[in-house]
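To start, the structure itself, in structure tokens.
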Protein chains: 2
Amino acid sequence: MSTFDPRLLSNEETRKQRQKVLPILSAALEAVNPYAAVKRQMSLEATKLFIGERTYDLDKYRHIYVIGGGKAGGSMAKATEDILGDRLTAGVINTKYGYLADTKIVRINEAGHPLPDVAGMAGAKQMVDLASEASEGDLVICLISGGGSALMTLPVEGITLEDMEALTSALLRCGATINEINTIRKHISQIKGGNLSRVAYPAEVVSLILSDVVGNPLDVIASGPTVPDSSSYAQAWEIVERYDLVDELPRSVVEQLRKGTEGIRPETPKKGDPLFAKTHNLIIGSNEIAAQAALAEAQDAGFRTMLLSTYVEGEAREVAHVFCAIAKEILHSSQPIQSPACVVAGGETTVTIRGEGKGGRNQELALAAAMQLGDLDDVMIIALATDGTDGPTDAAGAIADGSTLRRARQKKLLARDYLANNDSYNFFDQLDDLLITGPTNTNVNDLTFVFVF
Amino acid sequence: MSTFDPRLLSNEETRKQRQKVLPILSAALEAVNPYAAVKRQMSLEATKLFIGERTYDLDKYRHIYVIGGGKAGGSMAKATEDILGDRLTAGVINTKYGYLADTKIVRINEAGHPLPDVAGMAGAKQMVDLASEASEGDLVICLISGGGSALMTLPVEGITLEDMEALTSALLRCGATINEINTIRKHISQIKGGNLSRVAYPAEVVSLILSDVVGNPLDVIASGPTVPDSSSYAQAWEIVERYDLVDELPRSVVEQLRKGTEGIRPETPKKGDPLFAKTHNLIIGSNEIAAQAALAEAQDAGFRTMLLSTYVEGEAREVAHVFCAIAKEILHSSQPIQSPACVVAGGETTVTIRGEGKGGRNQELALAAAMQLGDLDDVMIIALATDGTDGPTDAAGAIADGSTLRRARQKKLLARDYLANNDSYNFFDQLDDLLITGPTNTNVNDLTFVFVF
């Protein structure tokens with residue numbers, strides 16, 4: 001069970017309910033622990049390697065390589081190595097500084113995130129070299145997780161890291177959408193947009209993916225290195241023209257895109273491309289998997305359960321209204337489910353920062369919920385960032401219930417003021433209501449729990 | 001069935017789904033039609049008058065009076081008269097200008113709303129006079145609906161309409177909450193805060209209430225004329241001091257409140273006061289009743305149904321995210337319910353106006369939903385103001401689905417720009433997607449429908 005800061009249980013009034021619900025949160029986090037998630041999907045029996053529902057007869061594979069990147073890359077590589085041992089030929093993984101793991105065969109490169117750096121590019125080059133070496137009869141295991149897009153930055157030859165930085169800032173300046181930015185990035189990358197599968201071809205590729213994108217769009221997670229790309233050079237060029245960027249972007253980038261539109265550079269591989277017959281993508285961890293694990297645990301604990309959605313977005317403090325509204329309806333009319341009830345919603349909200357306080361989207365959602373719940377008994381709303389790091393804080397989220405405002409008043413804390421200042425961390429910190437787990441090395445976005453006892 | 005503007009069915013592409021769902025919306029509106037709602041709860045058989053679950057033996061009542069106020073007052077009085085005929089002794093109802101009804105015994109006064117006027121005060125005085133006349137062995141039927149608080153304005157003697165206006169603007173200026181404003185108003189009124197029940201005592205009172213407040217708090221709807229008050233003169237005075245209003249408020253108001261705190265004026269009647277043994281409050285129309293009627297109709301039409309909540313508040317465009325998230329989850333995993341699905345949520349959202357366009361909270365919710373749905377097929381989100389008037393427009397709301405953005409693009413309408421300008425009305429108007437019913441003479445807040453086909 002994941003451990004939460006024991007301060008959460010320091011208050012006698014709230015302890016009992018919290019002791020009941022914390023194992024449910026732990027179950028969610030355990031289910032998407034990268035090491036455990038790989039082990040759940042991958043196993044070896046004699047010469048048979050099982051990954052998801054597929055079986056790989058290792059007698060038929062000459063080499064097995066491990067490549068990939070993301071914040072969970074170290075743990076995922078460690079699990080893969082623990083399963084395959086010296087059946088692994090070699091491996092290269094890029095992960096964020098501080099996320100090393102103790103592997104023997106797979107080389108773990110620490111690299112820059114969210115801003116790519118030379119270490120990351122060097123590691124990504126090693127991956128591409130390894131994937132190029134792989135050929136017919138080889139298996140490439142690709143380990144993908146949140147942060148993979150930045151951590152596996154490798155532009156085509158001629159485009160430098162400085163060019164990439166200039167590109168990013170120009171795209172952000174002109175107000176391009178994230179989709180537009182990704183379309184351009186995919187078309188100047190050796191890895192993104194299915195390019196990694198192409199490099200590995202004709203080796204077989206299996207991607208184990210920990211999804212940090214709401215709705216799990218495979219072509220978006222880590223920019224889809226092993227997934228057919230649906231965008232084109234023509235669209236990339238259209239974006240350049242739409243925002244009048246021909247003179248703003250580095251010449252190397254403009255050149256690459258122009259050559260692409262002229263057919264001189266190959267398109268990213270598309271759906272239906274025969275090379276994808278040799279690539280299989282498998283989501284091993286996602287918001288949904290975490291939510292379902294929580295619901296299963298809640299059910300065991302006697303709650304009636306409901307998965308509301310795993311697609312929740314929107315401004316945290318406003319979205320909180322809907323969770324409170326559901327809690328009130330359960331209390332009032334036992335709809336949509338009867339108490340004791342546990343409703344779980346996943347996704348990722350946003351915060352429009354107007355104040356100067358410390359907080360994150362989950363803590364802010366919880367603070368708004370506390371205000372909306374008022375003194376309502378028997379209701380609890382919990383917002384949790386599965387990576388353990390909600391905003392720039394050391395908390396994963398916070399707990400709100402009908403006692404929050406009362407306990408705050410006793411300490412002369414005005415919830416309204418803390419919310420106005422985006423200072424949810426300091427509000428909950430003083431009440432011992434922060435969820436603190438430390439970094440979980442995984443990220444499947446956020447979970448909100450509505451409990452009615 | 002309530003009739004919607006036929007333009008809604010002018011597009012062949014969207015017609016079929018709309019034909020399926022419009023009767024569901026109509027069912028919701030029918031259920032809270034004030035005339036129908038009174039008739040559903042009140043009936044006469046020989047000398048027995050049935051109201052809700054209570055029976056009144058008319059042989060035992062000397063006089064039956066009808067009083068009350070609100071925008072539905074005319075229709076409610078008409079229904080009461082149609083049932084009781086000349087068994088009614090007399091009646092006075094205040095309603096908004098233009099909301100007259102064709103009654104013979106009950107006098108319908110048109111009055112100012114949302115700003116009270118002398119006509120309203122004169123009518124309220126007639127009500128109080130009638131209620132005072134009523135005594136042991138008389139029955140006072142009180143008809144309460146949205147707008148009743150302004151429409152039944154009658155301050156204690158010595159406080160003028162101008163004083164009331166000055167009071168309201170001072171309270172709004174200082175940033176007092178709506179609860180604080182109501183606490184003060186109840187303590188200077190002859191009607192609000194249970195005072196009407198006291199005036200009518202020892203006559204019996206039965207209040208038929210059409211709720212326009214989220215969650216149906218009886219003491220808030222029309223300021224609770226027949227409901228125990230939980231606030232006190234001491235609290236009212238505290239508010240005056242908190243905002244430093246002693247010199248800001250009209251002297252007559254300050255005097256009244258001061259006398260109250262000194263025990264010279266009687267408190268509003270409280271819970272447990274024996275006079276309430278003779279008062280019965282019955283909600284005959286509410287958001288929940290409308291929602292349940294919609295769900296029943298949807299079920300008959302083959303949808304799986306769920307009442308999400310009747311307590312939804314928050315910023316319309318943000319709250320929309322949650323409804324879209326639910327639609328996406330139903331499509332993706334058949335949770336929380338399987339398609340064909342109809343999820344209904346009630347409440348009242350808000351709009352922070354930043355642009356200069358025309359719209360309302362329901363139309364804005366629908367516009368935001370259209371943007372969030374994108375080109376998703378088989379999903380429809382409908383937002384409906386049950387009073388038929390969403391914001392300052394002649395539309396009750398709008399329909400969003402996966403075709404909205406595409407049809408908008410064909411007409412060169414950029415949803416993003418319309419949303420930024422709070423111009424949802426003009427967006428949907430050009431697409432024939434507005435729900436136009438005309439005024440429904442009822443108000444039980446808003447309903448949002450999530451359909452997945």
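Scheme for the structure tokens: letters A, B, ... for chains in order shown; per-chain residue numbers from 1; ligand numbers from 1 in order shown.
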Distance limit 10 Å, atoms considered: only C-alpha atoms. Which chain A residues sit that close to chain B? Return them as a count of residues only. 40
Skipping near chain neighbours, those fewer than 5 positions away, what residues fall within 12 Å of Asp378 in chain A using only C-alpha atoms, listed as JSON, numbers by chain? {"A": [13, 14, 16, 17, 18, 327, 328, 330, 331, 332, 339, 340, 341, 342, 373, 400, 401, 402, 403, 450, 451, 452, 453]}
Can you work out which one of A:Ala290, A:Asp390, A:Gly147, A:Ala395 has the shortest atom-to-atom distance to Ser26 in chain A, counting only C-alpha atoms?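 That would be A:Ala290, the residue with the smallest distance to Ser26 in chain A.
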Just to confirm, what's the straight-line distance from CA of Arg198 in chain B to CA of Glu165 in chain B in Å (one decimal)?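 For CA of Arg198 in chain B relative to CA of Glu165 in chain B, the distance reads 25.6 Å.
Comparing the minimum interatomic distances between Leu295 in chain A and each of A:Ala27, A:Leu376, A:Val205, A:Leu100, counting only C-alpha atoms, we find that A:Ala27 sits nearest.
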Got a sec to tell me which of range 184-278 of chain B DSSP assigns to alpha helix (DSSP H), as a PyMOL selection string? chain B and resi 184-186+195-200+233-242+251-261
One number please: CA of Lys78 in chain A to CA of Thr103 in chain A, in Å, one decimal. 5.6 Å
